[in-house]
Amino acid sequence: MSDEYRQMWRDLGLNLEAHDVLLSVLGQGYKDVFLSQENRPQGMEYFNFVVSQVHGLRIKELLDAQAEGRKVIGSFCVFVPEEIVLAVDGVLVGLCSGADFAVEEVEKYLPRNTCALIKSALGFKLGQVCPYLESADLIVGENTCDGKKKAYETMGGLVPKVYVMDLPQMKTDQGRALLKSEYQRFVTKMEALSGRKITPASLRKGIQTVNAKRRALARLNALRAHNPAPISGLDALLIHQVSFYDNPIRFTDAVNRICDELEQRVAQNQGVFPQATKRVLLSGCPMAVPNWKVPWILETSGAVIVGEESCVGERGLRNAVDDSADSVEGLLDAIVDRYFAIDCAVFTPNPDRPRHVREMAAAYHAQGVIHYSLQFCQPYQMEAIPMERGLKADGIPTLRLETDYGAEDVGQLKTRIEAFLEMLG
Ligand code: SF4
Ligand code: SF4
């Protein structure tokens with residue numbers, strides 16, 4: 001891939017030397033973590049291909065879309081509605097923030113004790129290694145946690161195309177009204193940027209495309225309730241990660257195809273791990289590409305992950321948007337209803353989240369919950385304490401982990417995870 005796309009990367013202003021290093025580390029990591037798994041479903045070949053082309057063919061597709069007059073929008077949060085971007089024939093891509101890059105440079109702009117996800121977002125910019133960031137026509141930030149909200153000020157000084165969406169912090173009528181007015185502002189922004197007017201038909205089409213994608217992912221997740229699990233947690237996580245940057249229609253077809261295969265596995269009682277493998281639910285901060293550390297430790301220590309309560313997982317995909325209204329206003333209300341239900345830890349109070357974790361643990365027959373927070377992530381770290389206490393009181397064993405993107409704590413995490421799995425009996 002490297003030679004074929006070199007000129008494209010150069011034109012985007014990437015630092016080719018640093019980019020080569022990134023691609024080689026990613027390639028090796030993918031081989032070690034994913035390709036070394038046994039008994040993977042055949043349908044994973046599609047996702048292997050997508051990952052192999054993540055900086056190649058997919059970027060070319062985005063540039064081709066721009067050449068046709070379409071806009072590419074980058075985002076860092078599941079509160080940015082893809083439905084609205086699709087309604088102006090745009091493309092929404094998630095900007096990965098799952099690896100350390102240019103850390104020394106980043107710490108000239110952000111305090112050291114900033115979460116790894118935020119540092120990574122800036123590191124990919126400062127290191128000039130992200131073709132998505134460089135090719136996007138607009139980068140949408142959001143006022144969620146304090147770290148992100150301040151980091152977008154810094155990023156705005158480095159990238160002129162940052163647009164910040166204000167988000168509510170409480171699930172009140174005023175909070176819903178704020179979300180609606182921000183989505184209206186986003187509609188206006190997208191119409192001005194694309195030169196296209198959103199119509200009931202274009203918005204409904206966008207809603208249906210995203211609903212279909214979410215339905216396919218929900219189908220995949222439901223299949224993981226079976227014991228033995230027909231797919232590893234690592235592969236399921238990868239599929240969720242790919243959902244943020246692949247073409248949504250093609251992606252939905254690929255997920256439904258792998259689900260057909262997994263249904264056959266379930267019918268034949270065939271799994272990726274033996275039936276006695278410990279089943280755990282992962283809950284907490286989003287795991288952006290290529291953050292695979294904790295899932296990899298878990299699944300090489302005798303566990304199978306049967307669900308992710310995360311924005312790269314069920315928190316980000318559950319609930320469909322009602323597409324029955326016949327006006328843009330009505331459809332926008334339905335979009336607000338769906339997104340306002342997201343139980344991100346930046347909301348206070350946030351009782352839906354522990355409820356959802358319990359529901360998922362029961363539905364996927366998890367024997368325990370791993371609560372995962374990134375270091376310096378106050379919202380999720382704060383929620384982790386009552387979450388652990390509450391789940392334990394309900395008889396659901398829970399392990400609370402805090403980590404970052406570095407490899408230094410792998411041994412220590414492995415020891416704690418193995419002890420936890422042992423305790424699951
Ligand atoms: S955890 Fe909250 S801020 Fe982060 S992506 Fe999810 S909804 Fe957005
Ligand atoms: S992981 Fe936590 S601190 Fe980091 S961006 Fe997300 S909510 Fe903010």
# chains A, B, ... in the order shown; residues from 1 in each chain; ligands from 1
$ residues_around --residues "Val187 in chain A" --least-positions-apart "3" --cutoff "10 Å" --atoms "only C-alpha atoms" --output "count of residues only"
16
$ residues_around --residues "Met360 in chain A" --least-positions-apart "2" --cutoff "10 Å" --atoms "only C-alpha atoms" --output "list in words"
Ala225, Leu281, Leu282, Ser283, Val306, Gly307, Glu308, Glu309, Glu314, Pro354, Arg355, His356, Val357, Arg358, Ala362, Ala363, Tyr364, His365, Ala366 and Val369 of chain A
$ residues_around --residues "Thr114 in chain A" --least-positions-apart "6" --cutoff "12 Å" --atoms "only C-alpha atoms" --output "PDB file with N, CA and C atoms, in the first residue's frame"
ATOM      1  N   VAL A 103       4.052  12.510  21.863  1.00  0.00           N
ATOM      2  CA  VAL A 103       3.669  12.856  23.239  1.00  0.00           C
ATOM      3  C   VAL A 103       4.426  14.091  23.743  1.00  0.00           C
ATOM      4  N   VAL A 106       2.877  17.073  22.305  1.00  0.00           N
ATOM      5  CA  VAL A 106       1.540  17.292  22.874  1.00  0.00           C
ATOM      6  C   VAL A 106       1.651  17.973  24.231  1.00  0.00           C
ATOM      7  N   GLU A 107       2.632  17.541  25.017  1.00  0.00           N
ATOM      8  CA  GLU A 107       2.740  18.082  26.379  1.00  0.00           C
ATOM      9  C   GLU A 107       3.262  19.522  26.401  1.00  0.00           C
ATOM     10  N   SER A 120      -3.994  11.868  22.403  1.00  0.00           N
ATOM     11  CA  SER A 120      -3.810  11.183  21.132  1.00  0.00           C
ATOM     12  C   SER A 120      -4.370  12.022  19.980  1.00  0.00           C
ATOM     13  N   ALA A 121      -5.559  12.612  20.202  1.00  0.00           N
ATOM     14  CA  ALA A 121      -6.181  13.424  19.140  1.00  0.00           C
ATOM     15  C   ALA A 121      -5.229  14.544  18.719  1.00  0.00           C
ATOM     16  N   LEU A 122      -4.615  15.164  19.700  1.00  0.00           N
ATOM     17  CA  LEU A 122      -3.703  16.264  19.375  1.00  0.00           C
ATOM     18  C   LEU A 122      -2.382  15.727  18.800  1.00  0.00           C
ATOM     19  N   CYS A 145     -16.659  16.478  28.209  1.00  0.00           N
ATOM     20  CA  CYS A 145     -15.885  16.596  29.458  1.00  0.00           C
ATOM     21  C   CYS A 145     -15.034  17.879  29.403  1.00  0.00           C
ATOM     22  N   ASP A 146     -14.533  18.290  30.554  1.00  0.00           N
ATOM     23  CA  ASP A 146     -13.734  19.524  30.601  1.00  0.00           C
ATOM     24  C   ASP A 146     -12.469  19.408  29.751  1.00  0.00           C
ATOM     25  N   GLY A 147     -11.855  18.225  29.787  1.00  0.00           N
ATOM     26  CA  GLY A 147     -10.612  18.033  29.045  1.00  0.00           C
ATOM     27  C   GLY A 147     -10.813  18.282  27.566  1.00  0.00           C
ATOM     28  N   LYS A 148     -11.877  17.674  27.001  1.00  0.00           N
ATOM     29  CA  LYS A 148     -12.134  17.839  25.566  1.00  0.00           C
ATOM     30  C   LYS A 148     -12.472  19.290  25.260  1.00  0.00           C
ATOM     31  N   LYS A 149     -13.324  19.851  26.111  1.00  0.00           N
ATOM     32  CA  LYS A 149     -13.802  21.202  25.779  1.00  0.00           C
ATOM     33  C   LYS A 149     -12.649  22.203  25.740  1.00  0.00           C
ATOM     34  N   LYS A 150     -11.680  22.052  26.622  1.00  0.00           N
ATOM     35  CA  LYS A 150     -10.540  22.966  26.589  1.00  0.00           C
ATOM     36  C   LYS A 150      -9.564  22.582  25.471  1.00  0.00           C
ATOM     37  N   ALA A 151      -9.448  21.272  25.220  1.00  0.00           N
ATOM     38  CA  ALA A 151      -8.502  20.830  24.175  1.00  0.00           C
ATOM     39  C   ALA A 151      -8.936  21.325  22.793  1.00  0.00           C
ATOM     40  N   LEU A 374      -9.804   5.425  31.427  1.00  0.00           N
ATOM     41  CA  LEU A 374      -8.487   5.974  31.102  1.00  0.00           C
ATOM     42  C   LEU A 374      -8.022   6.826  32.275  1.00  0.00           C
ATOM     43  N   GLN A 375      -6.754   6.790  32.551  1.00  0.00           N
ATOM     44  CA  GLN A 375      -6.220   7.657  33.607  1.00  0.00           C
ATOM     45  C   GLN A 375      -6.565   9.112  33.292  1.00  0.00           C
ATOM     46  N   PHE A 376      -6.871   9.850  34.315  1.00  0.00           N
ATOM     47  CA  PHE A 376      -7.209  11.276  34.230  1.00  0.00           C
ATOM     48  C   PHE A 376      -8.580  11.535  33.584  1.00  0.00           C
ATOM     49  N   CYS A 377      -9.362  10.482  33.366  1.00  0.00           N
ATOM     50  CA  CYS A 377     -10.725  10.686  32.864  1.00  0.00           C
ATOM     51  C   CYS A 377     -11.653  10.785  34.065  1.00  0.00           C
ATOM     52  N   GLN A 378     -11.918  11.990  34.480  1.00  0.00           N
ATOM     53  CA  GLN A 378     -12.731  12.147  35.696  1.00  0.00           C
ATOM     54  C   GLN A 378     -14.147  11.586  35.569  1.00  0.00           C
ATOM     55  N   ASP A 404      -3.709   3.528  30.536  1.00  0.00           N
ATOM     56  CA  ASP A 404      -3.517   4.500  29.458  1.00  0.00           C
ATOM     57  C   ASP A 404      -3.165   3.715  28.198  1.00  0.00           C
TER      58      ASP A 404
END
$ residues_around --residues "range 3-10 of chain A" --least-positions-apart "4" --cutoff "9 Å" --atoms "only C-alpha atoms" --output "list in words"
Leu14, Asn15, Leu16, His19, His55, Gly56, Leu57, Ile59, Lys60, Val129 and Pro131 of chain A
$ write_last_selection --atoms "N, CA and C atoms" --output "short mmCIF file (atom, residue, chain, number, x, y, z; two decimals), in the first residue's frame"
data_model
loop_
_atom_site.label_atom_id
_atom_site.label_comp_id
_atom_site.auth_asym_id
_atom_site.auth_seq_id
_atom_site.Cartn_x
_atom_site.Cartn_y
_atom_site.Cartn_z
N LEU A 14 1.17 15.02 5.16
CA LEU A 14 1.62 14.12 6.22
C LEU A 14 3.14 14.12 6.31
N ASN A 15 3.62 13.83 7.50
CA ASN A 15 5.05 13.63 7.70
C ASN A 15 5.32 12.16 7.35
N LEU A 16 5.85 11.92 6.15
CA LEU A 16 5.93 10.55 5.63
C LEU A 16 6.77 9.62 6.50
N HIS A 19 4.78 8.82 9.54
CA HIS A 19 3.64 8.02 9.10
C HIS A 19 4.05 6.58 8.81
N HIS A 55 -5.52 3.75 5.77
CA HIS A 55 -4.89 5.01 5.34
C HIS A 55 -4.71 5.04 3.82
N GLY A 56 -5.19 4.01 3.14
CA GLY A 56 -4.99 3.93 1.70
C GLY A 56 -6.29 4.14 0.94
N LEU A 57 -6.91 3.02 0.58
CA LEU A 57 -8.11 3.07 -0.26
C LEU A 57 -9.22 3.94 0.36
N ILE A 59 -8.99 6.52 2.29
CA ILE A 59 -8.68 7.95 2.14
C ILE A 59 -8.91 8.36 0.68
N LYS A 60 -8.52 7.47 -0.23
CA LYS A 60 -8.75 7.78 -1.65
C LYS A 60 -10.24 7.96 -1.90
N VAL A 129 0.26 12.72 11.14
CA VAL A 129 0.18 11.33 10.67
C VAL A 129 -1.24 10.87 10.38
N PRO A 131 -4.37 11.02 8.01
CA PRO A 131 -4.91 11.52 6.75
C PRO A 131 -6.39 11.90 6.87
#
$ residues_near_ligand --ligand "ligand 1" --cutoff "6 Å" --atoms "only C-alpha atoms and all ligand atoms" --output "number ranges by chain"
A: 77-79, 144, 285-286, 311, 344
$ select_by_dssp --residues "range 62-118 of chain A" --states "strand (DSSP E or B)" --output "list in words"
Val72, Ile73, Gly74, Ser75, Val91, Leu92, Val93 and Gly94 of chain A
$ write_last_selection --atoms "C-alpha atoms" --output "compact mmCIF listing (two decimals), in the first residue's frame"
# COMPACT_ATOMS: atom_id res chain seq x y z
CA VAL A 72 -16.00 15.02 4.74
CA ILE A 73 -16.70 15.64 8.41
CA GLY A 74 -14.46 14.37 11.22
CA SER A 75 -15.76 13.81 14.73
CA VAL A 91 -19.32 11.54 4.84
CA LEU A 92 -18.79 11.31 8.59
CA VAL A 93 -15.59 9.72 9.86
CA GLY A 94 -14.50 9.08 13.42
$ select_by_dssp --residues "range 208-250 of chain A" --states "alpha helix (DSSP H)" --output "PyMOL selection string"
chain A and resi 208-223+233-242+248-250
$ write_last_selection --atoms "N, CA and C atoms" --output "PDB file, in the first residue's frame"
ATOM      1  N   GLN A 208     -32.440   6.274   7.902  1.00  0.00           N
ATOM      2  CA  GLN A 208     -32.593   4.844   7.596  1.00  0.00           C
ATOM      3  C   GLN A 208     -31.241   4.167   7.411  1.00  0.00           C
ATOM      4  N   THR A 209     -30.297   4.874   6.811  1.00  0.00           N
ATOM      5  CA  THR A 209     -28.958   4.291   6.621  1.00  0.00           C
ATOM      6  C   THR A 209     -28.300   4.023   7.972  1.00  0.00           C
ATOM      7  N   VAL A 210     -28.403   4.995   8.878  1.00  0.00           N
ATOM      8  CA  VAL A 210     -27.740   4.826  10.187  1.00  0.00           C
ATOM      9  C   VAL A 210     -28.498   3.812  11.040  1.00  0.00           C
ATOM     10  N   ASN A 211     -29.835   3.834  10.953  1.00  0.00           N
ATOM     11  CA  ASN A 211     -30.606   2.819  11.686  1.00  0.00           C
ATOM     12  C   ASN A 211     -30.202   1.416  11.246  1.00  0.00           C
ATOM     13  N   ALA A 212     -30.028   1.237   9.939  1.00  0.00           N
ATOM     14  CA  ALA A 212     -29.670  -0.094   9.426  1.00  0.00           C
ATOM     15  C   ALA A 212     -28.298  -0.516   9.963  1.00  0.00           C
ATOM     16  N   LYS A 213     -27.384   0.453  10.029  1.00  0.00           N
ATOM     17  CA  LYS A 213     -26.045   0.142  10.562  1.00  0.00           C
ATOM     18  C   LYS A 213     -26.166  -0.263  12.035  1.00  0.00           C
ATOM     19  N   ARG A 214     -26.927   0.501  12.798  1.00  0.00           N
ATOM     20  CA  ARG A 214     -27.069   0.180  14.233  1.00  0.00           C
ATOM     21  C   ARG A 214     -27.773  -1.155  14.431  1.00  0.00           C
ATOM     22  N   ARG A 215     -28.760  -1.433  13.571  1.00  0.00           N
ATOM     23  CA  ARG A 215     -29.475  -2.716  13.688  1.00  0.00           C
ATOM     24  C   ARG A 215     -28.520  -3.884  13.427  1.00  0.00           C
ATOM     25  N   ALA A 216     -27.658  -3.727  12.438  1.00  0.00           N
ATOM     26  CA  ALA A 216     -26.714  -4.811  12.116  1.00  0.00           C
ATOM     27  C   ALA A 216     -25.760  -5.045  13.292  1.00  0.00           C
ATOM     28  N   LEU A 217     -25.289  -3.958  13.898  1.00  0.00           N
ATOM     29  CA  LEU A 217     -24.376  -4.104  15.038  1.00  0.00           C
ATOM     30  C   LEU A 217     -25.103  -4.709  16.237  1.00  0.00           C
ATOM     31  N   ALA A 218     -26.376  -4.356  16.410  1.00  0.00           N
ATOM     32  CA  ALA A 218     -27.150  -4.929  17.513  1.00  0.00           C
ATOM     33  C   ALA A 218     -27.344  -6.430  17.277  1.00  0.00           C
ATOM     34  N   ARG A 219     -27.520  -6.786  16.006  1.00  0.00           N
ATOM     35  CA  ARG A 219     -27.672  -8.215  15.673  1.00  0.00           C
ATOM     36  C   ARG A 219     -26.385  -8.969  16.015  1.00  0.00           C
ATOM     37  N   LEU A 220     -25.265  -8.359  15.664  1.00  0.00           N
ATOM     38  CA  LEU A 220     -23.967  -8.966  15.986  1.00  0.00           C
ATOM     39  C   LEU A 220     -23.838  -9.154  17.499  1.00  0.00           C
ATOM     40  N   ASN A 221     -24.171  -8.114  18.250  1.00  0.00           N
ATOM     41  CA  ASN A 221     -24.008  -8.189  19.697  1.00  0.00           C
ATOM     42  C   ASN A 221     -24.925  -9.236  20.318  1.00  0.00           C
ATOM     43  N   ALA A 222     -26.157  -9.319  19.791  1.00  0.00           N
ATOM     44  CA  ALA A 222     -27.105 -10.293  20.350  1.00  0.00           C
ATOM     45  C   ALA A 222     -26.571 -11.722  20.183  1.00  0.00           C
ATOM     46  N   LEU A 223     -25.870 -11.968  19.088  1.00  0.00           N
ATOM     47  CA  LEU A 223     -25.343 -13.320  18.850  1.00  0.00           C
ATOM     48  C   LEU A 223     -24.274 -13.703  19.878  1.00  0.00           C
ATOM     49  N   GLY A 233     -14.331 -11.170  21.517  1.00  0.00           N
ATOM     50  CA  GLY A 233     -14.599  -9.774  21.856  1.00  0.00           C
ATOM     51  C   GLY A 233     -13.697  -8.848  21.059  1.00  0.00           C
ATOM     52  N   LEU A 234     -12.468  -9.297  20.810  1.00  0.00           N
ATOM     53  CA  LEU A 234     -11.538  -8.475  20.037  1.00  0.00           C
ATOM     54  C   LEU A 234     -12.084  -8.210  18.638  1.00  0.00           C
ATOM     55  N   ASP A 235     -12.559  -9.276  17.980  1.00  0.00           N
ATOM     56  CA  ASP A 235     -13.088  -9.081  16.625  1.00  0.00           C
ATOM     57  C   ASP A 235     -14.352  -8.229  16.649  1.00  0.00           C
ATOM     58  N   ALA A 236     -15.205  -8.441  17.656  1.00  0.00           N
ATOM     59  CA  ALA A 236     -16.425  -7.629  17.746  1.00  0.00           C
ATOM     60  C   ALA A 236     -16.058  -6.162  17.981  1.00  0.00           C
ATOM     61  N   LEU A 237     -15.057  -5.926  18.828  1.00  0.00           N
ATOM     62  CA  LEU A 237     -14.627  -4.544  19.071  1.00  0.00           C
ATOM     63  C   LEU A 237     -14.096  -3.919  17.775  1.00  0.00           C
ATOM     64  N   LEU A 238     -13.319  -4.706  17.043  1.00  0.00           N
ATOM     65  CA  LEU A 238     -12.761  -4.186  15.793  1.00  0.00           C
ATOM     66  C   LEU A 238     -13.884  -3.766  14.833  1.00  0.00           C
ATOM     67  N   ILE A 239     -14.925  -4.596  14.763  1.00  0.00           N
ATOM     68  CA  ILE A 239     -16.052  -4.268  13.871  1.00  0.00           C
ATOM     69  C   ILE A 239     -16.671  -2.938  14.315  1.00  0.00           C
ATOM     70  N   HIS A 240     -16.833  -2.765  15.628  1.00  0.00           N
ATOM     71  CA  HIS A 240     -17.385  -1.493  16.117  1.00  0.00           C
ATOM     72  C   HIS A 240     -16.450  -0.330  15.777  1.00  0.00           C
ATOM     73  N   GLN A 241     -15.152  -0.570  15.891  1.00  0.00           N
ATOM     74  CA  GLN A 241     -14.200   0.506  15.585  1.00  0.00           C
ATOM     75  C   GLN A 241     -14.283   0.875  14.106  1.00  0.00           C
ATOM     76  N   VAL A 242     -14.374  -0.152  13.248  1.00  0.00           N
ATOM     77  CA  VAL A 242     -14.440   0.099  11.805  1.00  0.00           C
ATOM     78  C   VAL A 242     -15.720   0.872  11.445  1.00  0.00           C
ATOM     79  N   PRO A 248     -21.015   3.523   5.312  1.00  0.00           N
ATOM     80  CA  PRO A 248     -22.019   2.882   6.176  1.00  0.00           C
ATOM     81  C   PRO A 248     -22.830   1.781   5.491  1.00  0.00           C
ATOM     82  N   ILE A 249     -23.102   1.943   4.198  1.00  0.00           N
ATOM     83  CA  ILE A 249     -23.934   0.929   3.522  1.00  0.00           C
ATOM     84  C   ILE A 249     -23.127  -0.355   3.300  1.00  0.00           C
ATOM     85  N   ARG A 250     -21.908  -0.184   2.834  1.00  0.00           N
ATOM     86  CA  ARG A 250     -21.037  -1.345   2.613  1.00  0.00           C
ATOM     87  C   ARG A 250     -20.753  -2.052   3.936  1.00  0.00           C
TER      88      ARG A 250
END
$ residues_around --residues "range 38-45 of chain A" --least-positions-apart "6" --cutoff "8 Å" --atoms "only C-alpha atoms" --output "list of chain:residue names"
A:Ile231, A:Ser232, A:Asp235, A:Ala254, A:Arg257, A:Ile258, A:Glu261, A:Leu262, A:Val272
$ write_last_selection --atoms "C-alpha atoms" --output "compact mmCIF listing (two decimals), in the first residue's frame"
# COMPACT_ATOMS: atom_id res chain seq x y z
CA ILE A 231 -16.92 -14.43 17.81
CA SER A 232 -14.16 -13.06 20.02
CA ASP A 235 -13.09 -9.08 16.63
CA ALA A 254 -20.51 -6.83 5.76
CA ARG A 257 -22.96 -11.20 6.23
CA ILE A 258 -20.81 -12.07 9.23
CA GLU A 261 -22.16 -16.92 9.41
CA LEU A 262 -22.33 -16.50 13.19
CA VAL A 272 -14.26 -19.25 19.27
$ residues_around --residues "Lys161 in chain A" --least-positions-apart "5" --cutoff "12 Å" --atoms "only C-alpha atoms" --output "number ranges by chain"
A: 72-75, 133-141, 152-153, 155-156, 193
$ closest_residue --among "A:Trp296, A:Phe76, A:Phe34, A:Tyr46" --to "ligand 2" --atoms "only C-alpha atoms and all ligand atoms"
A:Phe76
$ closest_residue --among "A:Asp394, A:Ile118, A:Leu35, A:Asp323" --to "Pro200 in chain A" --atoms "only C-alpha atoms"
A:Asp323
$ atom_distance --atom1 "CA of Tyr405 in chain A" --atom2 "CA of Gln367 in chain A"
26.4 Å
$ atom_distance --atom1 "CA of Val336 in chain A" --atom2 "CA of Arg176 in chain A"
7.4 Å
$ closest_residue --among "A:Ala393, A:Leu298, A:Val266, A:Ala116" --to "ligand 2" --atoms "only C-alpha atoms and all ligand atoms"
A:Ala116
$ residues_around --residues "Gly411 in chain A" --least-positions-apart "6" --cutoff "12 Å" --atoms "only C-alpha atoms" --output "VMD selection string"
chain A and resid 293 to 294 297 to 298 301 417 to 418
$ closest_residue --among "A:Ser97, A:Asn319, A:Gln53, A:Ser324" --to "ligand 2" --atoms "only C-alpha atoms and all ligand atoms"
A:Ser97
$ decode --residues "range 69-145 of chain A" --atoms "C-alpha atoms" --output "PDB file, in the first residue's frame"
ATOM      1  CA  GLY A  69     -18.406  18.050  -4.309  1.00  0.00           C
ATOM      2  CA  ARG A  70     -19.240  16.054  -1.170  1.00  0.00           C
ATOM      3  CA  LYS A  71     -17.979  17.123   2.265  1.00  0.00           C
ATOM      4  CA  VAL A  72     -15.997  15.023   4.742  1.00  0.00           C
ATOM      5  CA  ILE A  73     -16.703  15.643   8.410  1.00  0.00           C
ATOM      6  CA  GLY A  74     -14.464  14.368  11.218  1.00  0.00           C
ATOM      7  CA  SER A  75     -15.763  13.813  14.733  1.00  0.00           C
ATOM      8  CA  PHE A  76     -14.596  12.574  18.116  1.00  0.00           C
ATOM      9  CA  CYS A  77     -17.913  11.743  19.777  1.00  0.00           C
ATOM     10  CA  VAL A  78     -21.058   9.699  19.217  1.00  0.00           C
ATOM     11  CA  PHE A  79     -23.161  12.810  19.866  1.00  0.00           C
ATOM     12  CA  VAL A  80     -22.381  14.085  16.353  1.00  0.00           C
ATOM     13  CA  PRO A  81     -25.355  12.847  14.294  1.00  0.00           C
ATOM     14  CA  GLU A  82     -24.285  11.009  11.173  1.00  0.00           C
ATOM     15  CA  GLU A  83     -27.902  11.259   9.955  1.00  0.00           C
ATOM     16  CA  ILE A  84     -27.515  15.021   9.405  1.00  0.00           C
ATOM     17  CA  VAL A  85     -24.184  14.619   7.595  1.00  0.00           C
ATOM     18  CA  LEU A  86     -25.665  11.974   5.284  1.00  0.00           C
ATOM     19  CA  ALA A  87     -28.679  14.224   4.627  1.00  0.00           C
ATOM     20  CA  VAL A  88     -26.375  16.632   2.732  1.00  0.00           C
ATOM     21  CA  ASP A  89     -24.643  13.684   1.037  1.00  0.00           C
ATOM     22  CA  GLY A  90     -21.605  14.158   3.273  1.00  0.00           C
ATOM     23  CA  VAL A  91     -19.324  11.543   4.837  1.00  0.00           C
ATOM     24  CA  LEU A  92     -18.790  11.306   8.595  1.00  0.00           C
ATOM     25  CA  VAL A  93     -15.586   9.719   9.856  1.00  0.00           C
ATOM     26  CA  GLY A  94     -14.505   9.084  13.421  1.00  0.00           C
ATOM     27  CA  LEU A  95     -11.061  10.471  14.121  1.00  0.00           C
ATOM     28  CA  CYS A  96      -9.095   7.789  15.905  1.00  0.00           C
ATOM     29  CA  SER A  97      -7.561   8.706  19.209  1.00  0.00           C
ATOM     30  CA  GLY A  98      -6.427   5.307  20.375  1.00  0.00           C
ATOM     31  CA  ALA A  99      -2.619   5.514  20.388  1.00  0.00           C
ATOM     32  CA  ASP A 100       0.088   7.729  21.813  1.00  0.00           C
ATOM     33  CA  PHE A 101       1.816   9.854  19.224  1.00  0.00           C
ATOM     34  CA  ALA A 102       4.158  12.851  19.444  1.00  0.00           C
ATOM     35  CA  VAL A 103       3.669  12.856  23.239  1.00  0.00           C
ATOM     36  CA  GLU A 104       6.486  15.296  23.946  1.00  0.00           C
ATOM     37  CA  GLU A 105       5.063  17.747  21.455  1.00  0.00           C
ATOM     38  CA  VAL A 106       1.540  17.292  22.874  1.00  0.00           C
ATOM     39  CA  GLU A 107       2.740  18.082  26.379  1.00  0.00           C
ATOM     40  CA  LYS A 108       3.890  21.474  25.146  1.00  0.00           C
ATOM     41  CA  TYR A 109       0.198  22.246  24.568  1.00  0.00           C
ATOM     42  CA  LEU A 110      -1.702  20.154  27.117  1.00  0.00           C
ATOM     43  CA  PRO A 111      -1.004  19.254  30.751  1.00  0.00           C
ATOM     44  CA  ARG A 112       0.662  15.883  31.246  1.00  0.00           C
ATOM     45  CA  ASN A 113      -2.292  14.665  33.290  1.00  0.00           C
ATOM     46  CA  THR A 114      -4.767  14.834  30.393  1.00  0.00           C
ATOM     47  CA  CYS A 115      -6.486  11.603  29.334  1.00  0.00           C
ATOM     48  CA  ALA A 116      -4.739   9.557  26.638  1.00  0.00           C
ATOM     49  CA  LEU A 117      -7.653   9.940  24.233  1.00  0.00           C
ATOM     50  CA  ILE A 118      -7.406  13.723  24.150  1.00  0.00           C
ATOM     51  CA  LYS A 119      -3.624  13.653  23.974  1.00  0.00           C
ATOM     52  CA  SER A 120      -3.810  11.183  21.132  1.00  0.00           C
ATOM     53  CA  ALA A 121      -6.181  13.424  19.140  1.00  0.00           C
ATOM     54  CA  LEU A 122      -3.703  16.264  19.375  1.00  0.00           C
ATOM     55  CA  GLY A 123      -0.707  13.971  18.871  1.00  0.00           C
ATOM     56  CA  PHE A 124      -2.029  12.767  15.516  1.00  0.00           C
ATOM     57  CA  LYS A 125      -2.329  16.396  14.448  1.00  0.00           C
ATOM     58  CA  LEU A 126       1.047  17.532  15.768  1.00  0.00           C
ATOM     59  CA  GLY A 127       2.776  14.422  14.448  1.00  0.00           C
ATOM     60  CA  GLN A 128       1.107  14.977  11.031  1.00  0.00           C
ATOM     61  CA  VAL A 129       0.178  11.327  10.674  1.00  0.00           C
ATOM     62  CA  CYS A 130      -3.620  11.299  10.343  1.00  0.00           C
ATOM     63  CA  PRO A 131      -4.914  11.519   6.753  1.00  0.00           C
ATOM     64  CA  TYR A 132      -8.523  11.718   8.056  1.00  0.00           C
ATOM     65  CA  LEU A 133      -7.796  14.835  10.099  1.00  0.00           C
ATOM     66  CA  GLU A 134      -5.942  16.402   7.194  1.00  0.00           C
ATOM     67  CA  SER A 135      -8.570  15.606   4.574  1.00  0.00           C
ATOM     68  CA  ALA A 136     -11.677  16.579   6.598  1.00  0.00           C
ATOM     69  CA  ASP A 137     -13.546  19.710   5.516  1.00  0.00           C
ATOM     70  CA  LEU A 138     -14.795  20.233   9.065  1.00  0.00           C
ATOM     71  CA  ILE A 139     -13.798  18.798  12.425  1.00  0.00           C
ATOM     72  CA  VAL A 140     -16.603  18.726  14.929  1.00  0.00           C
ATOM     73  CA  GLY A 141     -15.686  18.952  18.579  1.00  0.00           C
ATOM     74  CA  GLU A 142     -18.191  18.881  21.433  1.00  0.00           C
ATOM     75  CA  ASN A 143     -18.447  20.322  24.920  1.00  0.00           C
ATOM     76  CA  THR A 144     -18.580  17.054  26.803  1.00  0.00           C
ATOM     77  CA  CYS A 145     -15.885  16.596  29.458  1.00  0.00           C
TER      78      CYS A 145
END
